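Structure record follows, encoded as C-alpha cells.
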Amino acid sequence: MLMLNQPPSDLESWVGFFSNAELPVLRQTARRLAEARQNIDKVGGRDIANIVMQDPLMAIRVLAYIQTVSGKHLRSDITNIGNAVMMIGIEPFFNKMDASLSIEAMLKNEPQALLGVLQVIRRAQRASHYAHDWAFERHDMNIDEVALAALLHDLPEILLWCFAPKLAIEIRDRQHADKSLRSATAQEQVLGIRLSDLQLALCTVWHLPELLNTLLDDANAQSPRVQNVTLAVNLARHSAGGWKDAALPDDFAAIEKLLHIDRVALLNRLDIPEELMKTYLPPSEEETDARTRRQQVFGKHNAP
C-alpha cells in the first residue's frame with residue numbers, strides 16, 4: 001500500500017491520489033459483514049446499513065459505488081446508506097463490497113497513526129449519533145441523511161491518517177506546540193491545502209449527491225440541517241477528551257437554539273456527568289439575588 005511521505009503538489013494531485021486508492025475499513029466492520037454474510041437469509045438492508053454507518057470509509061465506498069451504477073434520475077435520491085443497500089441488493093452488496101483490507105492491518109507499523117485514525121473515527125461515530133438524535137427531535141425529513149453527513153464530515157482527516165501518517169502527525173504536533181494555531185492554517189503549512197477543500201473536491205470526483213455536498217459544506221451554515229451536522233461535529237470534537245473543553249458552553253448555547261430546549265434538558269440529553277452539571281447550568285434566581293445583594297453591600301468589583 002502506497003503511503004505519502006511528502007504532500008502532492010496541488011489539490012488536484014491530492015484528489016487523484018485518494019480517488020484511485022483502495023480504501024480500507026475497520027477490522028470490526030469486516031468481521032461484522034462476514035458474520036452477516038454467513039446468515040444472508042436472515043439479514044436485511046437495515047442490518048447492513050447499521051454496520052456500514054459505524055465506519056466512515058465503508059460508508060463512502062458504498063456511496064461512491066452506488067453513484068456509478070444508479071440511473072441519472074435516481075442519483076440525487078440516494079443520499080443514505082439504507083437506500084444504497086436496497087438499490088444494490090443484499091447478495092450483490094457482499095459480492096461487490098470487498099472488506100479484506102483493514103485499517104488496523106494497514107497501519108500495523110504506524111502505532112501513532114493507528115491511534116490517531118481510531119480517535120477520529122470514534123469522534124465521527126459520536127457526531128453521527130448526535131446528528132441522528134437531533135434530526136429526529138427536529139422532525140427532519142431524512143434523518144439518516146443528516147447522520148451520514150456528520151459521519152463523513154471529517155473523512156479527509158481519516159484518509160490523511162491512513163495514507164499520510166507522517167504528515168498527519170506533523171499537523172498534530174504543530175498544533176500541540178502552538179495552541180493558537182488553527183487547524184486550517186496547520187494543514188496549509190504541512191499539506192499545501194485545506195482538508196475542507198479536499199473534502200468538497202472528493203465529493204465531486206466520487207459524484208456524491210448535491211444534497212449531501214450541501215450538508216457537508218459548513219459554508220451553508222444558515223441551513224438548520226447544516227447546523228445540525230456542524231454542531232454535532234463540533235460537540236463530538238470538543239468533548240472528545242471529556243466535558244471540560246472551553247468551547248463547550250458556546251456549543252451548548254447553539255444546540256439549545258437549534259432544538260428549542262433549555263440547558264437542563266440538553267445536559268440531561270447528553271448524559272453530562274452529574275458532578276459537571278452545575279458547571280454549565282445558569283445560576284439560580286436565589287444565587288443571582290444573593291450576588292446582587294453582595295454587590296450592593298461591597299461594591300461591584302469587591303463582592304465575594
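Letters A, B, ... go to the chains of the C-alpha cells in the order shown; residues in each chain start at 1; ligands are counted from 1 in the same order.
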Mind dumping a table of every segment 179-222 of chain A residue within 9 Å of segment 58-71 of chain A, with the nearest atom pair and its distance in Å to one decimal, using only C-alpha atoms, sorted by chain and rising number, as a tab-separated table?
```
residue	atom	partner	partner_atom	distance
A:Cys203	CA	A:Ala64	CA	9.0
A:Trp206	CA	A:Ala64	CA	5.3
A:His207	CA	A:Gln67	CA	6.4
A:Leu208	CA	A:Ala64	CA	6.7
A:Pro209	CA	A:Gln67	CA	8.3
```
Atoms kept (N, CA, C and O atoms) for selection, written as a compact mmCIF listing (two decimals), in the first residue's frame:
```txt
# COMPACT_ATOMS: atom_id res chain seq x y z
N CYS A 203 -15.94 14.92 -2.98
CA CYS A 203 -17.37 14.77 -3.21
C CYS A 203 -17.69 14.86 -4.71
O CYS A 203 -18.55 14.13 -5.22
N TRP A 206 -16.18 11.69 -6.62
CA TRP A 206 -16.95 10.49 -6.31
C TRP A 206 -18.42 10.63 -6.71
O TRP A 206 -19.23 9.73 -6.45
N HIS A 207 -18.77 11.77 -7.29
CA HIS A 207 -20.13 12.03 -7.80
C HIS A 207 -21.19 11.88 -6.70
O HIS A 207 -22.27 11.34 -6.94
N LEU A 208 -20.86 12.37 -5.52
CA LEU A 208 -21.83 12.29 -4.43
C LEU A 208 -22.98 13.25 -4.69
O LEU A 208 -22.81 14.29 -5.32
N PRO A 209 -24.18 12.91 -4.22
CA PRO A 209 -25.35 13.76 -4.48
C PRO A 209 -25.15 15.19 -3.98
O PRO A 209 -24.54 15.42 -2.94
```
query: Got a sec to tell me which of segment 158-274 of chain A DSSP assigns to alpha helix (DSSP H), as a count of residues only?
result: 81
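Across A:Asn109, A:Leu26, A:Leu101, A:Arg237, the tightest approach to Met53 of chain A is made by A:Leu26 when counting only C-alpha atoms.
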task: Find the residues around Phe136 of chain A up to 12 Å (only C-alpha atoms counted), leave out those fewer than 3 positions away in its own chain, and share them as JSON, numbers by chain.
output: {"A": [129, 130, 131, 132, 133, 139, 140, 141, 142, 143, 144, 145, 146, 147, 225, 228, 259]}
Keeping only C-alpha atoms, take the residues you just selected and write them out as an mmCIF file, in the first residue's frame.
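This is the output file selection-v1.cif:
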```
data_model
loop_
_atom_site.group_PDB
_atom_site.id
_atom_site.type_symbol
_atom_site.label_atom_id
_atom_site.label_comp_id
_atom_site.auth_asym_id
_atom_site.auth_seq_id
_atom_site.Cartn_x
_atom_site.Cartn_y
_atom_site.Cartn_z
ATOM 1 C CA HIS A 129 -25.152 9.728 16.781
ATOM 2 C CA TYR A 130 -25.719 13.299 17.913
ATOM 3 C CA ALA A 131 -26.833 14.378 14.430
ATOM 4 C CA HIS A 132 -29.292 11.476 14.200
ATOM 5 C CA ASP A 133 -30.732 12.255 17.644
ATOM 6 C CA HIS A 139 -38.638 16.024 12.662
ATOM 7 C CA ASP A 140 -36.133 16.153 9.796
ATOM 8 C CA MET A 141 -37.401 14.765 6.500
ATOM 9 C CA ASN A 142 -34.434 12.371 6.172
ATOM 10 C CA ILE A 143 -32.748 11.605 9.486
ATOM 11 C CA ASP A 144 -30.310 9.027 8.091
ATOM 12 C CA GLU A 145 -29.065 11.528 5.533
ATOM 13 C CA VAL A 146 -28.123 14.017 8.262
ATOM 14 C CA ALA A 147 -26.438 11.296 10.324
ATOM 15 C CA ARG A 225 -29.883 20.873 8.545
ATOM 16 C CA ASN A 228 -27.441 20.087 12.788
ATOM 17 C CA LEU A 259 -33.557 22.291 19.240
#
```
field: Neighbour list for segment 166-182 of chain A as a list in words, cut-off 9 Å, only C-alpha atoms, skip fewer than 6 positions in-chain
entry: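 Within the cut-off, the hits are Leu4, Asn5, Gln6, Pro7, Gln112, Ala113, Gly116, Glu157, Leu160, Gln189, Val190 and Leu191 of chain A.
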Surrounding residues of Trp243 of chain A excluding itself and chain neighbours under 4 positions, 9 Å, only C-alpha atoms, as number ranges by chain: A: 238-239, 248, 272-273, 276
field: Shell of 10 Å around segment 194-202 of chain A, only C-alpha atoms, local chain residues under 4 positions omitted, as JSON, numbers by chain
entry: {"A": [11, 12, 14, 15, 16, 18, 19, 152, 153, 154, 155, 156, 157, 160, 183, 184, 185, 186, 187, 188, 189, 190, 206, 207, 208, 213, 214, 216, 217, 218]}
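Of the residues under consideration (A:Ala84, A:Ala124, A:Ala105, A:Ile90), A:Ile90 shows the shortest atom-to-atom contact distance to Asp41 of chain A when counting only C-alpha atoms.
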message: If I take atom CA of Ile103 of chain A and atom CA of Arg27 of chain A, how far is one from the other in Å, to one decimal?
response: 6.7 Å
